[in-house]
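Structure data follow from work.txt (compact mmCIF, C-alpha atoms and all ligand atoms):
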```
# COMPACT_ATOMS: atom_id res chain seq x y z
CA MET N 221 10.19 1.16 9.74
CA SER N 222 13.71 0.00 10.50
CA LYS N 223 14.16 -3.60 11.57
CA LEU N 224 13.46 -4.15 15.26
CA PRO N 225 16.33 -6.11 16.81
CA ARG N 226 15.48 -9.14 18.90
CA ALA N 227 17.32 -10.12 22.08
CA ALA N 228 18.42 -13.49 20.69
CA GLU N 229 20.11 -11.78 17.70
CA LEU N 230 22.01 -9.40 19.98
CA GLY N 231 23.08 -12.12 22.41
CA LEU N 232 20.90 -10.80 25.22
CA ILE N 233 18.47 -12.51 27.59
CA ARG N 234 15.70 -10.93 29.64
CA CYS N 235 15.48 -12.37 33.16
CA HIS N 236 11.94 -13.69 33.53
CA VAL N 237 11.73 -12.78 37.23
CA CYS N 238 13.27 -9.31 37.52
CA ALA N 239 13.35 -8.23 33.83
CA LEU N 240 17.07 -7.41 33.91
CA VAL N 241 18.76 -7.42 30.49
CA CYS N 242 21.61 -9.95 30.74
CA ARG N 243 24.35 -10.97 28.32
CA ASP N 244 23.78 -14.48 26.96
CA THR N 245 26.89 -16.38 28.01
CA GLN N 246 25.64 -19.62 26.39
CA ALA N 247 26.70 -21.35 29.61
CA PRO N 248 24.21 -23.95 30.82
CA GLY N 249 22.63 -22.99 34.14
CA ALA N 250 23.65 -19.34 33.94
CA ALA N 251 21.82 -17.26 36.55
CA CYS N 252 20.60 -13.66 36.61
CA PRO N 253 23.21 -11.60 38.52
CA ARG N 254 20.48 -9.51 40.17
CA CYS N 255 17.83 -11.99 41.36
CA GLY N 256 19.55 -15.34 40.92
CA ALA N 257 16.85 -16.89 38.69
CA ARG N 258 18.01 -19.33 36.00
CA LEU N 259 18.20 -17.59 32.63
CA HIS N 260 16.33 -19.12 29.70
CA ARG N 261 16.19 -17.82 26.16
CA ARG N 262 12.65 -19.27 26.03
CA LYS N 263 10.46 -20.88 28.70
CA SER N 264 11.71 -24.44 28.93
CA ALA N 265 9.79 -27.14 27.04
CA SER N 266 7.04 -24.61 26.38
CA TYR N 267 5.21 -26.60 23.69
CA SER N 268 5.17 -29.95 25.44
CA ARG N 269 4.29 -28.52 28.85
CA THR N 270 1.49 -26.37 27.48
CA ALA N 271 0.15 -29.28 25.40
CA ALA N 272 0.24 -31.71 28.35
CA LEU N 273 -1.47 -29.28 30.74
CA LEU N 274 -4.04 -28.32 28.15
CA LEU N 275 -4.86 -31.96 27.44
CA ALA N 276 -5.18 -32.73 31.16
CA ALA N 277 -7.45 -29.70 31.57
CA PHE N 278 -9.59 -30.83 28.65
CA ILE N 279 -9.98 -34.33 30.09
CA LEU N 280 -11.15 -32.89 33.43
CA TYR N 281 -13.41 -30.42 31.66
CA ILE N 282 -15.65 -33.26 30.41
CA PRO N 283 -16.74 -34.52 33.88
CA ALA N 284 -16.82 -30.90 35.06
CA ASN N 285 -19.63 -30.26 32.59
CA LEU N 286 -21.40 -33.62 32.67
CA LEU N 287 -21.43 -34.17 36.44
CA PRO N 288 -23.61 -32.00 38.67
CA ILE N 289 -21.73 -29.30 40.59
CA MET N 290 -24.17 -28.83 43.46
CA ARG N 291 -27.27 -30.36 45.07
CA THR N 292 -30.05 -28.26 46.48
CA ALA N 293 -32.36 -30.07 48.87
CA SER N 294 -35.54 -28.85 50.53
CA ILE N 295 -38.22 -30.94 52.23
CA GLY N 296 -38.63 -34.02 50.07
CA GLU N 297 -37.16 -32.39 46.99
CA VAL N 298 -33.63 -32.94 45.70
CA ASP N 299 -32.28 -31.09 42.69
CA ASP N 300 -28.84 -31.57 41.12
CA ASN N 301 -27.41 -28.66 39.15
CA THR N 302 -24.82 -28.76 36.40
CA ILE N 303 -22.93 -25.69 35.18
CA ILE N 304 -25.29 -25.21 32.26
CA SER N 305 -28.46 -25.75 34.31
CA GLY N 306 -27.21 -23.07 36.71
CA VAL N 307 -26.96 -20.63 33.79
CA VAL N 308 -30.45 -21.58 32.57
CA GLU N 309 -31.83 -21.11 36.09
CA LEU N 310 -30.39 -17.58 36.33
CA TRP N 311 -31.86 -16.76 32.90
CA VAL N 312 -35.33 -18.05 33.84
CA LYS N 313 -35.30 -16.40 37.27
CA GLY N 314 -35.06 -13.04 35.55
CA ALA N 315 -31.35 -12.24 35.74
CA PRO N 316 -30.31 -12.61 32.09
CA ASP N 317 -27.38 -10.21 32.56
CA LEU N 318 -25.82 -12.39 35.27
CA ALA N 319 -26.70 -15.50 33.24
CA ILE N 320 -24.59 -14.10 30.40
CA ILE N 321 -21.71 -13.30 32.76
CA VAL N 322 -21.74 -16.79 34.28
CA PHE N 323 -22.07 -18.38 30.82
CA THR N 324 -19.07 -16.38 29.65
CA ALA N 325 -16.92 -17.17 32.68
CA SER N 326 -17.80 -20.88 32.98
CA ILE N 327 -18.28 -21.98 29.39
CA MET N 328 -16.97 -19.42 26.88
CA VAL N 329 -13.69 -18.67 28.67
CA PRO N 330 -12.56 -22.31 29.09
CA MET N 331 -13.56 -23.04 25.46
CA LEU N 332 -11.68 -19.95 24.31
CA LYS N 333 -8.60 -21.13 26.20
CA PHE N 334 -8.69 -24.57 24.61
CA LEU N 335 -9.15 -23.10 21.12
CA VAL N 336 -6.61 -20.28 21.42
CA LEU N 337 -3.84 -22.28 23.11
CA GLY N 338 -4.48 -25.17 20.70
CA LEU N 339 -4.19 -22.77 17.77
CA LEU N 340 -1.01 -21.21 19.17
CA LEU N 341 0.55 -24.65 19.63
CA VAL N 342 -0.33 -25.78 16.09
CA CYS N 343 0.83 -22.53 14.44
CA GLY N 344 4.04 -22.57 16.46
CA LYS N 345 4.81 -26.18 15.57
CA CYS N 346 4.19 -25.49 11.86
CA GLY N 347 6.54 -22.50 12.03
CA SER N 348 3.88 -20.29 10.48
CA ASN N 349 4.05 -16.50 10.67
CA TRP N 350 0.35 -16.20 9.83
CA ALA N 351 -1.64 -13.58 11.79
CA GLN N 352 1.08 -12.96 14.36
CA HIS N 353 -0.49 -9.78 15.70
CA GLN N 354 -3.89 -11.42 16.14
CA ARG N 355 -2.33 -14.46 17.82
CA ALA N 356 -0.38 -12.24 20.21
CA ARG N 357 -3.59 -10.41 21.06
CA LEU N 358 -5.51 -13.68 21.59
CA TYR N 359 -2.80 -14.92 23.94
CA ARG N 360 -3.06 -11.76 26.01
CA LEU N 361 -6.84 -12.08 26.13
CA VAL N 362 -6.55 -15.66 27.43
CA GLU N 363 -4.02 -14.58 30.08
CA PHE N 364 -6.28 -11.72 31.14
CA VAL N 365 -9.63 -13.49 31.42
CA GLY N 366 -8.38 -16.92 32.50
CA TYR N 367 -8.93 -16.81 36.25
CA TRP N 368 -12.49 -15.42 36.01
CA SER N 369 -13.64 -18.98 35.35
CA MET N 370 -13.34 -19.62 39.09
CA LEU N 371 -16.62 -17.71 39.43
CA ASP N 372 -18.85 -20.80 39.54
CA VAL N 373 -16.60 -22.53 42.06
CA PHE N 374 -16.92 -19.55 44.42
CA VAL N 375 -20.69 -19.41 43.94
CA VAL N 376 -21.08 -23.08 44.89
CA ALA N 377 -18.81 -22.61 47.92
CA LEU N 378 -20.77 -19.56 49.12
CA LEU N 379 -24.15 -21.21 48.69
CA THR N 380 -22.91 -24.31 50.54
CA ALA N 381 -21.90 -22.17 53.50
CA LEU N 382 -25.08 -20.07 53.41
CA VAL N 383 -27.95 -22.44 52.77
CA ARG N 384 -27.97 -24.46 55.97
CA PHE N 385 -31.52 -24.71 57.23
CA SER N 386 -31.29 -28.42 58.16
CA VAL N 387 -34.24 -30.30 56.61
CA PHE N 388 -35.91 -27.20 55.20
CA SER N 389 -33.21 -26.25 52.77
CA SER N 390 -29.58 -27.11 52.20
CA VAL N 391 -26.94 -27.01 49.48
CA GLU N 392 -24.02 -29.37 49.09
CA PRO N 393 -21.18 -29.43 46.56
CA LEU N 394 -20.96 -32.37 44.15
CA PRO N 395 -17.86 -33.75 42.34
CA GLY N 396 -18.41 -31.63 39.20
CA VAL N 397 -17.25 -28.52 41.03
CA VAL N 398 -13.96 -30.18 42.02
CA PHE N 399 -13.29 -31.16 38.40
CA PHE N 400 -14.18 -27.66 37.29
CA GLY N 401 -11.85 -26.02 39.83
CA LEU N 402 -9.01 -28.25 38.70
CA THR N 403 -9.76 -27.48 35.03
CA VAL N 404 -9.40 -23.77 35.72
CA VAL N 405 -6.10 -24.22 37.56
CA LEU N 406 -4.71 -26.45 34.80
CA THR N 407 -5.72 -24.05 32.01
CA MET N 408 -4.08 -21.21 33.93
CA LEU N 409 -0.89 -23.25 34.26
CA ALA N 410 -1.10 -24.12 30.54
CA SER N 411 -1.30 -20.48 29.45
CA MET N 412 1.57 -19.58 31.81
CA SER N 413 3.74 -22.33 30.33
CA PHE N 414 3.22 -21.03 26.82
CA ASP N 415 5.96 -18.65 25.71
CA PRO N 416 4.44 -15.84 23.60
CA ARG N 417 7.87 -15.11 22.10
CA LEU N 418 7.48 -18.34 20.13
CA ILE N 419 4.78 -16.58 18.07
CA TRP N 420 7.47 -14.26 16.72
CA ASP N 421 10.23 -16.82 16.36
CA CYS N 422 9.16 -17.98 12.89
CA GLY N 423 10.24 -14.76 11.22
CA CYS N 424 8.52 -11.46 11.86
CA ASP N 425 6.27 -10.16 9.10
CA ASP N 426 6.29 -6.55 10.25
CA GLU N 427 9.31 -5.15 8.43
CA MET K 238 20.85 3.85 40.91
CA SER K 239 19.94 4.62 37.30
CA PRO K 240 17.93 2.00 35.42
CA ALA K 241 19.55 -0.12 32.76
CA PRO K 242 19.66 1.55 29.34
CA LEU K 243 18.03 -1.38 27.58
CA LEU K 244 14.60 -2.93 27.78
CA ILE K 245 13.35 -6.22 26.31
CA CYS K 246 9.71 -6.90 25.46
CA GLU K 247 8.41 -9.76 27.58
CA HIS K 248 6.11 -11.02 24.83
CA CYS K 249 8.23 -10.85 21.67
CA ASP K 250 11.88 -10.43 22.73
CA THR K 251 12.37 -7.11 20.91
CA VAL K 252 15.13 -4.91 22.34
CA TYR K 253 14.58 -1.19 23.00
CA ARG K 254 16.60 1.70 24.33
CA ARG K 255 14.84 2.89 27.46
CA ILE K 256 13.32 6.37 27.34
CA SER K 257 12.20 8.34 30.36
CA LEU K 258 8.44 8.54 30.57
CA ALA K 259 6.38 11.57 31.53
CA ARG K 260 3.47 11.38 33.93
CA GLY K 261 0.77 8.99 32.68
CA GLN K 262 2.85 7.84 29.69
CA VAL K 263 3.05 4.18 28.73
CA ALA K 264 5.74 2.68 26.49
CA CYS K 265 4.39 -0.05 24.18
CA CYS K 266 6.23 -2.53 22.03
CA ALA K 267 6.25 -1.50 18.35
CA ARG K 268 6.13 -5.12 17.21
CA CYS K 269 3.52 -6.78 19.46
CA HIS K 270 2.04 -3.75 21.29
CA PHE K 271 2.62 -5.26 24.75
CA VAL K 272 3.17 -2.73 27.54
CA LEU K 273 6.92 -2.31 28.07
CA GLU K 274 6.89 0.17 30.91
CA ARG K 275 4.58 2.57 32.70
CA HIS K 276 5.39 5.80 34.47
CA HIS K 277 5.33 5.35 38.27
CA ARG K 278 2.13 7.05 39.27
CA LEU K 279 2.69 6.53 42.96
CA SER K 280 5.69 6.98 45.21
CA ALA K 281 6.78 4.21 47.60
CA ASN K 282 5.01 6.19 50.35
CA GLY K 283 1.80 6.21 48.35
CA LEU K 284 2.08 2.50 47.66
CA LEU K 285 2.74 1.77 51.32
CA ALA K 286 -0.38 3.74 52.30
CA LEU K 287 -2.37 1.86 49.68
CA THR K 288 -1.10 -1.48 50.99
CA ALA K 289 -2.02 -0.53 54.57
CA THR K 290 -5.52 0.46 53.42
CA ALA K 291 -5.89 -2.81 51.54
CA MET K 292 -4.81 -4.67 54.68
CA VAL K 293 -7.50 -3.01 56.83
CA VAL K 294 -10.19 -3.62 54.20
CA PHE K 295 -9.01 -7.21 53.80
CA ILE K 296 -9.36 -7.90 57.54
CA GLN K 297 -12.88 -6.47 57.46
CA ALA K 298 -13.80 -8.44 54.34
CA ASN K 299 -12.70 -11.61 56.11
CA THR K 300 -14.20 -11.11 59.55
CA TRP K 301 -17.52 -9.45 58.76
CA PRO K 302 -20.31 -11.68 57.44
CA ILE K 303 -20.86 -11.33 53.69
CA ILE K 304 -24.48 -12.35 53.20
CA THR K 305 -27.33 -13.34 55.54
CA LEU K 306 -30.23 -15.52 54.43
CA GLY K 307 -33.56 -15.74 56.17
CA LEU K 308 -36.11 -18.55 55.95
CA ASN K 309 -39.22 -18.80 58.14
CA GLY K 310 -37.61 -16.67 60.83
CA GLN K 311 -34.36 -18.66 60.82
CA GLN K 312 -31.16 -16.87 59.85
CA SER K 313 -27.94 -18.09 58.32
CA SER K 314 -24.91 -16.01 57.42
CA ALA K 315 -21.50 -16.75 55.98
CA THR K 316 -18.00 -15.34 56.17
CA LEU K 317 -15.10 -16.30 53.92
CA TRP K 318 -13.73 -18.70 56.52
CA GLY K 319 -17.19 -20.15 57.06
CA THR K 320 -17.20 -20.89 53.33
CA ILE K 321 -13.80 -22.54 53.43
CA ILE K 322 -14.76 -24.73 56.40
CA ALA K 323 -18.14 -25.66 54.88
CA MET K 324 -16.47 -26.89 51.69
CA TRP K 325 -13.98 -28.94 53.72
CA GLN K 326 -16.74 -30.57 55.75
CA GLN K 327 -18.79 -31.31 52.64
CA HIS K 328 -16.04 -33.47 51.14
CA ALA K 329 -14.81 -30.89 48.63
CA GLN K 330 -11.41 -30.47 50.26
CA ILE K 331 -9.69 -29.61 46.98
CA VAL K 332 -12.08 -26.72 46.44
CA SER K 333 -11.69 -25.69 50.07
CA VAL K 334 -7.91 -25.47 49.64
CA LEU K 335 -8.29 -23.56 46.34
CA VAL K 336 -10.62 -21.04 47.97
CA ALA K 337 -8.40 -20.64 51.04
CA ALA K 338 -5.29 -20.13 48.88
CA THR K 339 -6.66 -17.74 46.25
CA LEU K 340 -8.88 -15.68 48.57
CA PHE K 341 -7.05 -15.74 51.88
CA PHE K 342 -3.44 -16.94 52.06
CA PHE K 343 -2.11 -15.58 48.74
CA PRO K 344 -3.73 -12.12 49.05
CA LEU K 345 -2.54 -11.92 52.68
CA MET K 346 1.02 -12.89 51.72
CA LYS K 347 0.97 -10.45 48.83
CA MET K 348 -0.05 -7.54 51.05
CA LEU K 349 2.46 -8.36 53.80
CA LEU K 350 5.30 -8.76 51.31
CA PHE K 351 4.34 -5.58 49.43
CA GLY K 352 4.26 -3.77 52.75
CA TRP K 353 7.76 -5.08 53.52
CA VAL K 354 9.38 -4.01 50.24
CA PHE K 355 7.59 -0.64 50.03
CA TRP K 356 8.57 0.17 53.64
CA PHE K 357 12.26 -0.01 52.72
CA ALA K 358 11.79 1.39 49.20
CA ARG K 359 10.74 4.73 50.72
CA ARG K 360 14.44 5.40 51.34
CA GLY K 361 15.56 3.63 48.17
CA GLU K 362 16.74 0.65 50.21
CA ARG K 363 16.25 -3.09 50.06
CA GLY K 364 15.15 -4.75 53.27
CA PRO K 365 16.41 -8.13 54.48
CA GLY K 366 15.25 -10.92 52.19
CA PHE K 367 14.38 -8.49 49.37
CA ARG K 368 15.41 -10.94 46.66
CA GLY K 369 13.34 -13.83 47.99
CA VAL K 370 10.34 -11.58 48.60
CA MET K 371 10.44 -10.23 45.03
CA ILE K 372 10.67 -13.77 43.62
CA VAL K 373 7.69 -14.93 45.71
CA LEU K 374 5.70 -11.85 44.61
CA HIS K 375 6.52 -12.66 40.97
CA TYR K 376 5.10 -16.17 41.27
CA LEU K 377 2.07 -15.12 43.37
CA ARG K 378 0.95 -12.50 40.87
CA PRO K 379 -1.70 -14.49 38.93
CA TRP K 380 -3.07 -16.46 41.89
CA THR K 381 -5.19 -13.99 43.86
CA MET K 382 -8.88 -13.87 42.98
CA SER K 383 -10.72 -11.54 45.39
CA GLU K 384 -12.31 -9.63 42.48
CA VAL K 385 -13.75 -12.86 41.06
CA PHE K 386 -15.16 -13.67 44.50
CA MET K 387 -16.86 -10.25 44.56
CA LEU K 388 -18.71 -11.18 41.37
CA GLY K 389 -19.45 -14.61 42.86
CA VAL K 390 -21.13 -12.92 45.84
CA LEU K 391 -23.43 -11.01 43.47
CA VAL K 392 -24.35 -14.20 41.59
CA ALA K 393 -25.00 -16.03 44.89
CA ILE K 394 -27.26 -13.17 46.07
CA VAL K 395 -29.33 -13.31 42.90
CA LYS K 396 -29.59 -17.12 43.05
CA ALA K 397 -30.61 -17.12 46.72
CA ARG K 398 -33.12 -14.31 46.28
CA ALA K 399 -35.56 -16.72 44.63
CA TYR K 400 -35.93 -18.79 47.82
CA PHE K 401 -34.81 -16.70 50.80
CA GLU K 402 -34.81 -13.21 52.21
CA VAL K 403 -31.33 -12.00 51.38
CA THR K 404 -29.46 -9.27 53.26
CA ALA K 405 -26.12 -8.00 52.03
CA ASP K 406 -23.84 -7.61 55.08
CA PRO K 407 -20.91 -5.20 55.55
CA GLY K 408 -18.49 -7.85 54.25
CA VAL K 409 -19.83 -7.26 50.73
CA PHE K 410 -18.92 -3.58 50.89
CA ALA K 411 -15.48 -4.42 52.23
CA TYR K 412 -15.05 -6.76 49.25
CA ALA K 413 -16.22 -4.04 46.86
CA ALA K 414 -13.62 -1.65 48.33
CA LEU K 415 -10.97 -4.37 48.08
CA THR K 416 -11.82 -4.88 44.40
CA VAL K 417 -11.24 -1.17 43.74
CA LEU K 418 -7.87 -1.27 45.54
CA ILE K 419 -6.84 -4.36 43.57
CA THR K 420 -7.63 -2.54 40.33
CA VAL K 421 -5.36 0.32 41.39
CA PHE K 422 -2.59 -2.16 42.28
CA ALA K 423 -2.96 -3.91 38.92
CA GLY K 424 -1.45 -0.84 37.23
CA VAL K 425 1.66 -0.93 39.43
CA ASP K 426 4.67 -2.72 38.00
CA PHE K 427 6.42 -3.70 41.22
CA ARG K 428 9.41 -5.03 39.26
CA GLN K 429 10.54 -1.44 38.92
CA LEU K 430 11.59 -1.77 42.58
CA TRP K 431 14.59 -3.71 41.30
CA ASP K 432 15.69 -0.58 39.44
CA VAL K 433 14.91 2.07 42.03
CA THR K 434 16.36 0.40 45.12
CA ALA K 435 19.90 -0.59 46.06
CA GLU K 436 21.40 -2.86 48.71
CA ARG K 437 21.91 -1.10 52.02
CA LYS K 438 25.42 0.14 52.68
CA PRO K 439 26.98 -1.97 55.44
ZN ZN Z 501 6.73 -6.97 22.00
```

Kindly return the structure encoded in the file as structure tokens.
Amino acid sequence: MSKLPRAAELGLIRCHVCALVCRDTQAPGAACPRCGARLHRRKSASYSRTAALLLAAFILYIPANLLPIMRTASIGEVDDNTIISGVVELWVKGAPDLAIIVFTASIMVPMLKFLVLGLLLVCGKCGSNWAQHQRARLYRLVEFVGYWSMLDVFVVALLTALVRFSVFSSVEPLPGVVFFGLTVVLTMLASMSFDPRLIWDCGCDDE
Amino acid sequence: MSPAPLLICEHCDTVYRRISLARGQVACCARCHFVLERHHRLSANGLLALTATAMVVFIQANTWPIITLGLNGQQSSATLWGTIIAMWQQHAQIVSVLVAATLFFFPLMKMLLFGWVFWFARRGERGPGFRGVMIVLHYLRPWTMSEVFMLGVLVAIVKARAYFEVTADPGVFAYAALTVLITVFAGVDFRQLWDVTAERKP
């Protein structure tokens, strides 16, 4: 296979908004002639932004899991649910398939994001060209599944609106769900701030 | 207007000479295997019709009740806006705003803006504000979550079934239809509009 040329070597930049191929004039603040977006060779401050957002997400993820996300109350009986107790409840109530889906969306996906983005940051900082193809694939997976974590937030919101039988039965949201919602948004922002081109910037091992 | 002869991979910065794709063909990056370009499966007319359909289904999904619960003869049903208001009143305003944005305002904006650009693209033109609209669409892309909500409705039904009589209302079916339409839209690279349209002649 002949060597695949990269835009930086040819003095070209791809506009991140409209995908136009532009000549790299090296001028600071150069804009795309077609859509007017600022041209960057790489997303700006990708490592530090991704790291900061990921850390913030991780800090919020702790109360999101420890604090209850919703309270179900029926005559004289109050029950606080956490994310994990919600999964257990689905499993026990005879819906193991949905229990697995919720477990994946609420627990596996956020964990996967922390691990994968953490790994990408460390490998990038070390300038390693180890497992580039696998890392590129992991990044795409994280981008693809990321927003499905909102599932539990929507479930709590729906049940809150639905279960309103005054004293007989009611559901109310608890602070855990707010932390969880914010965790999902922050992890999404973290994966968007990461520039996948950095994976290939440490020398490409495919030639 | 013919598209630019070069193409750069979004994920690894590799430069390619653009080749014309046949129906159903997809060009992938040889280095990182990311999708470079897809063949347009639908014309601007087709996309406009699809957007209009999505709009109708979206209105139904948002006005019809989604689920009804029954307990000792009492009934309680919810719509999307009922859900947003309930979260606001229950002191989860942040969640209320998140739900309103990702399930109502962003999808609505997306459909209206798509409608706007496809309407003009039918004649290969760019409507007023084309540039701004395309930039907004670019940033909105990851922030609509109707398909996640659809799954959330199913989970809520199963959870509620243990305590209440649950009836799925027409809103659920509207959401199911919306999910299908969103999947079709996901395969459309609207950035190609930059290549296939030109400013209107004054
Ligand atoms: Zn590539």

Checklist entry - If we count only C-alpha atoms, what is near His375 (chain K) at a cut-off of 10 Å, once residues fewer than 6 positions away on the same chain are taken out, given as a VMD selection string? => result (chain N and resid 236 to 238) or (chain K and resid 347 369 427 to 428)

Mind dumping the selected residues with C-alpha atoms as a PDB file, keeping the file's coordinate frame?
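Final output, selection08.pdb:
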```
ATOM      1  CA  HIS N 236      11.940 -13.690  33.530  1.00  0.00           C
ATOM      2  CA  VAL N 237      11.730 -12.780  37.230  1.00  0.00           C
ATOM      3  CA  CYS N 238      13.270  -9.310  37.520  1.00  0.00           C
TER       4      CYS N 238
ATOM      5  CA  LYS K 347       0.970 -10.450  48.830  1.00  0.00           C
ATOM      6  CA  GLY K 369      13.340 -13.830  47.990  1.00  0.00           C
ATOM      7  CA  PHE K 427       6.420  -3.700  41.220  1.00  0.00           C
ATOM      8  CA  ARG K 428       9.410  -5.030  39.260  1.00  0.00           C
TER       9      ARG K 428
END
```

What residues have any atom no more than 9 Å from ligand ZN 501 (chain Z) when counting all atoms listed in the file, and can you list them as a tab-separated table (two decimals) with C-alpha atoms, in the frame of the given file?
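Saved file out-v3.tsv follows:
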```tsv
chain	number	residue	atom	x	y	z
N	417	ARG	CA	7.87	-15.11	22.10
K	245	ILE	CA	13.35	-6.22	26.31
K	246	CYS	CA	9.71	-6.90	25.46
K	247	GLU	CA	8.41	-9.76	27.58
K	248	HIS	CA	6.11	-11.02	24.83
K	249	CYS	CA	8.23	-10.85	21.67
K	250	ASP	CA	11.88	-10.43	22.73
K	251	THR	CA	12.37	-7.11	20.91
K	252	VAL	CA	15.13	-4.91	22.34
K	265	CYS	CA	4.39	-0.05	24.18
K	266	CYS	CA	6.23	-2.53	22.03
K	267	ALA	CA	6.25	-1.50	18.35
K	268	ARG	CA	6.13	-5.12	17.21
K	269	CYS	CA	3.52	-6.78	19.46
K	270	HIS	CA	2.04	-3.75	21.29
K	271	PHE	CA	2.62	-5.26	24.75
K	272	VAL	CA	3.17	-2.73	27.54
K	273	LEU	CA	6.92	-2.31	28.07
```

Which residues of chain K are close to chain N, meaning at most 7 Å apart when you count all atoms listed in the file, and how do they look as a compact mmCIF listing (two decimals) with C-alpha atoms, in the coordinates of the input?
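Once everything was written out, this is part18.txt:
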```txt
# COMPACT_ATOMS: atom_id res chain seq x y z
CA LEU K 243 18.03 -1.38 27.58
CA LEU K 244 14.60 -2.93 27.78
CA ILE K 245 13.35 -6.22 26.31
CA HIS K 248 6.11 -11.02 24.83
CA CYS K 249 8.23 -10.85 21.67
CA ASP K 250 11.88 -10.43 22.73
CA THR K 251 12.37 -7.11 20.91
CA VAL K 252 15.13 -4.91 22.34
CA CYS K 269 3.52 -6.78 19.46
CA LEU K 306 -30.23 -15.52 54.43
CA SER K 313 -27.94 -18.09 58.32
CA SER K 314 -24.91 -16.01 57.42
CA ALA K 315 -21.50 -16.75 55.98
CA GLY K 319 -17.19 -20.15 57.06
CA THR K 320 -17.20 -20.89 53.33
CA ALA K 323 -18.14 -25.66 54.88
CA MET K 324 -16.47 -26.89 51.69
CA GLN K 327 -18.79 -31.31 52.64
CA ALA K 329 -14.81 -30.89 48.63
CA ILE K 331 -9.69 -29.61 46.98
CA VAL K 332 -12.08 -26.72 46.44
CA ARG K 368 15.41 -10.94 46.66
CA ILE K 372 10.67 -13.77 43.62
CA HIS K 375 6.52 -12.66 40.97
CA VAL K 385 -13.75 -12.86 41.06
CA PHE K 386 -15.16 -13.67 44.50
CA GLY K 389 -19.45 -14.61 42.86
CA VAL K 390 -21.13 -12.92 45.84
CA VAL K 392 -24.35 -14.20 41.59
CA ALA K 393 -25.00 -16.03 44.89
CA LYS K 396 -29.59 -17.12 43.05
CA ARG K 428 9.41 -5.03 39.26
CA TRP K 431 14.59 -3.71 41.30
```

Next on the checklist: Could you tell me how far CA of Leu337 (chain N) sits from CA of Tyr267 (chain N), in Å to one decimal place?
Outcome noted: 10.0 Å

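If you look at CA of Pro330 (chain N) and CA of Leu287 (chain N), they are 16.5 Å away from each other.
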
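Take the candidates K:Val395, K:His328, K:Leu308, K:Leu345 and check each one against Asp317 (chain N) using only C-alpha atoms; the shortest distance goes to K:Val395.
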
Item to check | Nearby residues (only C-alpha atoms) at most 10 Å from region 351-366 of chain K, same-chain spacing under 4 positions excluded, as a list in words | outcome: Met238, Ser280, Ala281, Asn282, Gly283, Leu284, Leu285, Ala286, Leu287, Thr288, Ala289, Met292, Leu345, Met346, Lys347, Val370, Met371, Leu374, Phe427, Leu430, Trp431, Asp432, Val433, Thr434, Ala435, Glu436, Arg437 and Lys438 of chain K

Item to check | Interatomic distance, CA of Arg255 (chain K) to CA of Glu274 (chain K) (Å, one decimal) | outcome: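 Computing it gives 9.1 Å between the two atoms.
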